Amino acid sequence: METSSDDDGDTAATLTKTSFVLLLLLPALYLSPTKPPGNETFSPPAHESAKKPKPEALASKPKKKKKKLYITFDDGPNRGTKNVLTIVKDENIPVSFFIVGEHVFASRPQAQIWDSLKIAEQIELCNHSYSHAHGRYNRYYEQPDSVVSDFERTHDSLGLDNRIARTPGRNTWRIDTLRFTDLAKTTAAADSLQKAGFVIMGWDLEWHYDHKTMSVTTTADDLIAQIDSLFKHNKTRQPDNLVLLAHDQVYVKADDSLQLRRFLQLLKQKDEYEAALVTAYPGALK
């Protein structure tokens, strides 16, 4: 009878143990990572990596700087001032009035208009002399000390809270380092006003009117076009800042008041412009 040797028996036992160990290791081998620990990388599915970043992760675009327009009215209070005040309040546009001191005390209605100006919102009140030279400009500017006294009288009698002023009948500038004199005979008086602490503001564009009919000679649409052109060609005293001169007395009649209202409405449609008070003009406040 043939029998197996001891070596055969040991071999069989060894194979049996090996098979058993392999069976135990197979699940672990199947589940273990293919790369050594610490070197794992993650690649998201194609549709995940293609997702756009969240809105908050995007850098916000800087807001475009707006050009500033300073709408100013001279010579009030007078018959047209009340209409101007009503219109700018209705349209919610900030404007600045350059006041003639003598006009405030000239009549009861003018004093009442002055009272309305003082309590109005988005309104700035500035100095346009006391006498307005009584129309005798050459003689007026020959006496610089008298000119200073004339402006001081308005500042004190009206209790103005700023030193911004405009010379009667002259487009003169003395703001910080900005100096311009339209007529040389005004130079000494303008320099004296600046030395006395006044900031002299002229204008970049005037809304012209017929002095006989007291009606505007430029439509609101044409005025907007002129403003566009001055900004486009950088024709203002300060880049991106434009001072517009208008006169209260022009807006007595309905047609002229309508042009003023239309101008303000058109201005509000110009997103690149911003109406501002004259104290916001560069260098106006020390």
# chains A, B, ... in the order shown; residues from 1 in each chain; ligands from 1
$ residues_around --residues "Ala246 (chain A)" --least-positions-apart "3" --cutoff "9 Å" --atoms "only C-alpha atoms" --output "PyMOL selection string"
chain A and resi 71-74+205-209+250
$ residues_around --residues "Tyr70 (chain A)" --least-positions-apart "5" --cutoff "7 Å" --atoms "only C-alpha atoms" --output "JSON, numbers by chain"
{"A": [95, 242, 243, 244, 275, 276, 277, 278]}
$ residues_around --residues "region 102-105 of chain A" --least-positions-apart "4" --cutoff "9 Å" --atoms "only C-alpha atoms" --output "list in words"
Asp75, Gly76, Pro77, Asn78, Pro109, Gln110, Ala111, Gln112, Ile113, Trp114, Ser129, Tyr130, Ser131, His132, Thr154 and Leu158 of chain A
$ closest_residue --among "A:Tyr141, A:Asn234, A:Ile87, A:Arg136" --to "Ala188 (chain A)" --atoms "only C-alpha atoms"
A:Tyr141
$ atom_distance --atom1 "CA of Gly202 (chain A)" --atom2 "CA of Arg79 (chain A)"
23.5 Å
$ select_by_dssp --residues "region 26-241 of chain A" --states "strand (DSSP E or B)" --output "PyMOL selection string"
chain A and resi 67-76+95-99+123-127+164-165+172-175+178-181+199-200+205-206+209-210+215-216+238+241
$ closest_residue --among "A:Phe198, A:Tyr281, A:Phe263, A:Tyr273" --to "Arg174 (chain A)" --atoms "only C-alpha atoms"
A:Phe198
$ closest_residue --among "A:Lys68, A:Ile123, A:Gly159, A:Ser215" --to "Lys253 (chain A)" --atoms "only C-alpha atoms"
A:Ser215
$ residues_around --residues "Phe231 (chain A)" --least-positions-apart "4" --cutoff "8 Å" --atoms "only C-alpha atoms" --output "ChimeraX atom specification"
/A:227,235-236,239-240,242
$ write_last_selection --atoms "C-alpha atoms" --output "PDB file, in the first residue's frame"
ATOM      1  CA  ILE A 227     -21.323 121.277 -21.380  1.00  0.00           C
ATOM      2  CA  LYS A 235     -11.824 123.284 -21.553  1.00  0.00           C
ATOM      3  CA  THR A 236     -12.575 123.956 -17.879  1.00  0.00           C
ATOM      4  CA  PRO A 239     -10.336 119.036 -15.169  1.00  0.00           C
ATOM      5  CA  ASP A 240     -13.689 117.280 -14.679  1.00  0.00           C
ATOM      6  CA  LEU A 242     -17.376 122.867 -14.567  1.00  0.00           C
TER       7      LEU A 242
END
$ decode --residues "region 183-195 of chain A" --atoms "all heavy atoms" --output "PDB file, in the first residue's frame"
ATOM      1  N   LEU A 183      -9.954 140.868 -16.998  1.00  0.00           N
ATOM      2  CA  LEU A 183      -9.521 142.222 -17.317  1.00  0.00           C
ATOM      3  C   LEU A 183      -8.445 142.647 -16.321  1.00  0.00           C
ATOM      4  O   LEU A 183      -8.648 142.556 -15.105  1.00  0.00           O
ATOM      5  CB  LEU A 183     -10.698 143.204 -17.264  1.00  0.00           C
ATOM      6  CG  LEU A 183     -11.783 143.004 -18.344  1.00  0.00           C
ATOM      7  CD1 LEU A 183     -12.924 143.984 -18.129  1.00  0.00           C
ATOM      8  CD2 LEU A 183     -11.198 143.169 -19.741  1.00  0.00           C
ATOM      9  N   ALA A 184      -7.324 143.119 -16.846  1.00  0.00           N
ATOM     10  CA  ALA A 184      -6.164 143.434 -16.011  1.00  0.00           C
ATOM     11  C   ALA A 184      -6.480 144.471 -14.929  1.00  0.00           C
ATOM     12  O   ALA A 184      -5.897 144.441 -13.838  1.00  0.00           O
ATOM     13  CB  ALA A 184      -5.016 143.927 -16.879  1.00  0.00           C
ATOM     14  N   LYS A 185      -7.428 145.374 -15.194  1.00  0.00           N
ATOM     15  CA  LYS A 185      -7.759 146.421 -14.228  1.00  0.00           C
ATOM     16  C   LYS A 185      -8.371 145.853 -12.940  1.00  0.00           C
ATOM     17  O   LYS A 185      -8.435 146.557 -11.929  1.00  0.00           O
ATOM     18  CB  LYS A 185      -8.723 147.428 -14.851  1.00  0.00           C
ATOM     19  CG  LYS A 185      -8.089 148.282 -15.945  1.00  0.00           C
ATOM     20  CD  LYS A 185      -9.081 149.289 -16.495  1.00  0.00           C
ATOM     21  CE  LYS A 185      -8.437 150.160 -17.564  1.00  0.00           C
ATOM     22  NZ  LYS A 185      -9.383 151.166 -18.122  1.00  0.00           N
ATOM     23  N   THR A 186      -8.815 144.598 -12.997  1.00  0.00           N
ATOM     24  CA  THR A 186      -9.430 143.968 -11.829  1.00  0.00           C
ATOM     25  C   THR A 186      -8.403 143.265 -10.950  1.00  0.00           C
ATOM     26  O   THR A 186      -8.705 142.860  -9.837  1.00  0.00           O
ATOM     27  CB  THR A 186     -10.485 142.931 -12.296  1.00  0.00           C
ATOM     28  OG1 THR A 186     -11.301 143.522 -13.315  1.00  0.00           O
ATOM     29  CG2 THR A 186     -11.386 142.501 -11.151  1.00  0.00           C
ATOM     30  N   THR A 187      -7.179 143.132 -11.427  1.00  0.00           N
ATOM     31  CA  THR A 187      -6.171 142.317 -10.749  1.00  0.00           C
ATOM     32  C   THR A 187      -5.922 142.735  -9.304  1.00  0.00           C
ATOM     33  O   THR A 187      -5.931 141.902  -8.388  1.00  0.00           O
ATOM     34  CB  THR A 187      -4.841 142.356 -11.528  1.00  0.00           C
ATOM     35  OG1 THR A 187      -5.053 141.878 -12.862  1.00  0.00           O
ATOM     36  CG2 THR A 187      -3.796 141.499 -10.840  1.00  0.00           C
ATOM     37  N   ALA A 188      -5.697 144.025  -9.068  1.00  0.00           N
ATOM     38  CA  ALA A 188      -5.374 144.497  -7.719  1.00  0.00           C
ATOM     39  C   ALA A 188      -6.521 144.221  -6.748  1.00  0.00           C
ATOM     40  O   ALA A 188      -6.304 143.787  -5.612  1.00  0.00           O
ATOM     41  CB  ALA A 188      -5.044 145.989  -7.747  1.00  0.00           C
ATOM     42  N   ALA A 189      -7.750 144.449  -7.197  1.00  0.00           N
ATOM     43  CA  ALA A 189      -8.910 144.211  -6.328  1.00  0.00           C
ATOM     44  C   ALA A 189      -9.068 142.727  -6.029  1.00  0.00           C
ATOM     45  O   ALA A 189      -9.352 142.335  -4.887  1.00  0.00           O
ATOM     46  CB  ALA A 189     -10.173 144.760  -6.986  1.00  0.00           C
ATOM     47  N   ALA A 190      -8.884 141.885  -7.043  1.00  0.00           N
ATOM     48  CA  ALA A 190      -9.002 140.436  -6.849  1.00  0.00           C
ATOM     49  C   ALA A 190      -7.937 139.929  -5.887  1.00  0.00           C
ATOM     50  O   ALA A 190      -8.222 139.106  -5.003  1.00  0.00           O
ATOM     51  CB  ALA A 190      -8.910 139.718  -8.186  1.00  0.00           C
ATOM     52  N   ASP A 191      -6.718 140.432  -6.038  1.00  0.00           N
ATOM     53  CA  ASP A 191      -5.641 140.030  -5.137  1.00  0.00           C
ATOM     54  C   ASP A 191      -5.932 140.465  -3.701  1.00  0.00           C
ATOM     55  O   ASP A 191      -5.640 139.741  -2.745  1.00  0.00           O
ATOM     56  CB  ASP A 191      -4.310 140.622  -5.599  1.00  0.00           C
ATOM     57  CG  ASP A 191      -3.792 139.981  -6.883  1.00  0.00           C
ATOM     58  OD1 ASP A 191      -4.288 138.889  -7.239  1.00  0.00           O
ATOM     59  OD2 ASP A 191      -2.902 140.581  -7.525  1.00  0.00           O
ATOM     60  N   SER A 192      -6.508 141.653  -3.553  1.00  0.00           N
ATOM     61  CA  SER A 192      -6.840 142.162  -2.221  1.00  0.00           C
ATOM     62  C   SER A 192      -7.938 141.313  -1.571  1.00  0.00           C
ATOM     63  O   SER A 192      -7.896 141.049  -0.360  1.00  0.00           O
ATOM     64  CB  SER A 192      -7.293 143.626  -2.306  1.00  0.00           C
ATOM     65  OG  SER A 192      -6.234 144.460  -2.755  1.00  0.00           O
ATOM     66  N   LEU A 193      -8.907 140.890  -2.358  1.00  0.00           N
ATOM     67  CA  LEU A 193      -9.970 140.026  -1.831  1.00  0.00           C
ATOM     68  C   LEU A 193      -9.408 138.682  -1.365  1.00  0.00           C
ATOM     69  O   LEU A 193      -9.760 138.179  -0.299  1.00  0.00           O
ATOM     70  CB  LEU A 193     -11.044 139.799  -2.897  1.00  0.00           C
ATOM     71  CG  LEU A 193     -12.005 140.961  -3.159  1.00  0.00           C
ATOM     72  CD1 LEU A 193     -12.810 140.702  -4.431  1.00  0.00           C
ATOM     73  CD2 LEU A 193     -12.943 141.176  -1.971  1.00  0.00           C
ATOM     74  N   GLN A 194      -8.495 138.135  -2.161  1.00  0.00           N
ATOM     75  CA  GLN A 194      -7.885 136.867  -1.764  1.00  0.00           C
ATOM     76  C   GLN A 194      -7.060 137.044  -0.492  1.00  0.00           C
ATOM     77  O   GLN A 194      -7.098 136.200   0.413  1.00  0.00           O
ATOM     78  CB  GLN A 194      -7.009 136.324  -2.893  1.00  0.00           C
ATOM     79  CG  GLN A 194      -6.454 134.929  -2.586  1.00  0.00           C
ATOM     80  CD  GLN A 194      -5.596 134.390  -3.708  1.00  0.00           C
ATOM     81  OE1 GLN A 194      -4.873 135.137  -4.372  1.00  0.00           O
ATOM     82  NE2 GLN A 194      -5.660 133.086  -3.938  1.00  0.00           N
ATOM     83  N   LYS A 195      -6.333 138.133  -0.395  1.00  0.00           N
ATOM     84  CA  LYS A 195      -5.530 138.403   0.793  1.00  0.00           C
ATOM     85  C   LYS A 195      -6.415 138.556   2.026  1.00  0.00           C
ATOM     86  O   LYS A 195      -6.018 138.203   3.150  1.00  0.00           O
ATOM     87  CB  LYS A 195      -4.694 139.667   0.567  1.00  0.00           C
ATOM     88  CG  LYS A 195      -3.705 139.950   1.679  1.00  0.00           C
ATOM     89  CD  LYS A 195      -2.848 141.172   1.361  1.00  0.00           C
ATOM     90  CE  LYS A 195      -1.856 141.453   2.486  1.00  0.00           C
ATOM     91  NZ  LYS A 195      -1.008 142.650   2.181  1.00  0.00           N
TER      92      LYS A 195
END
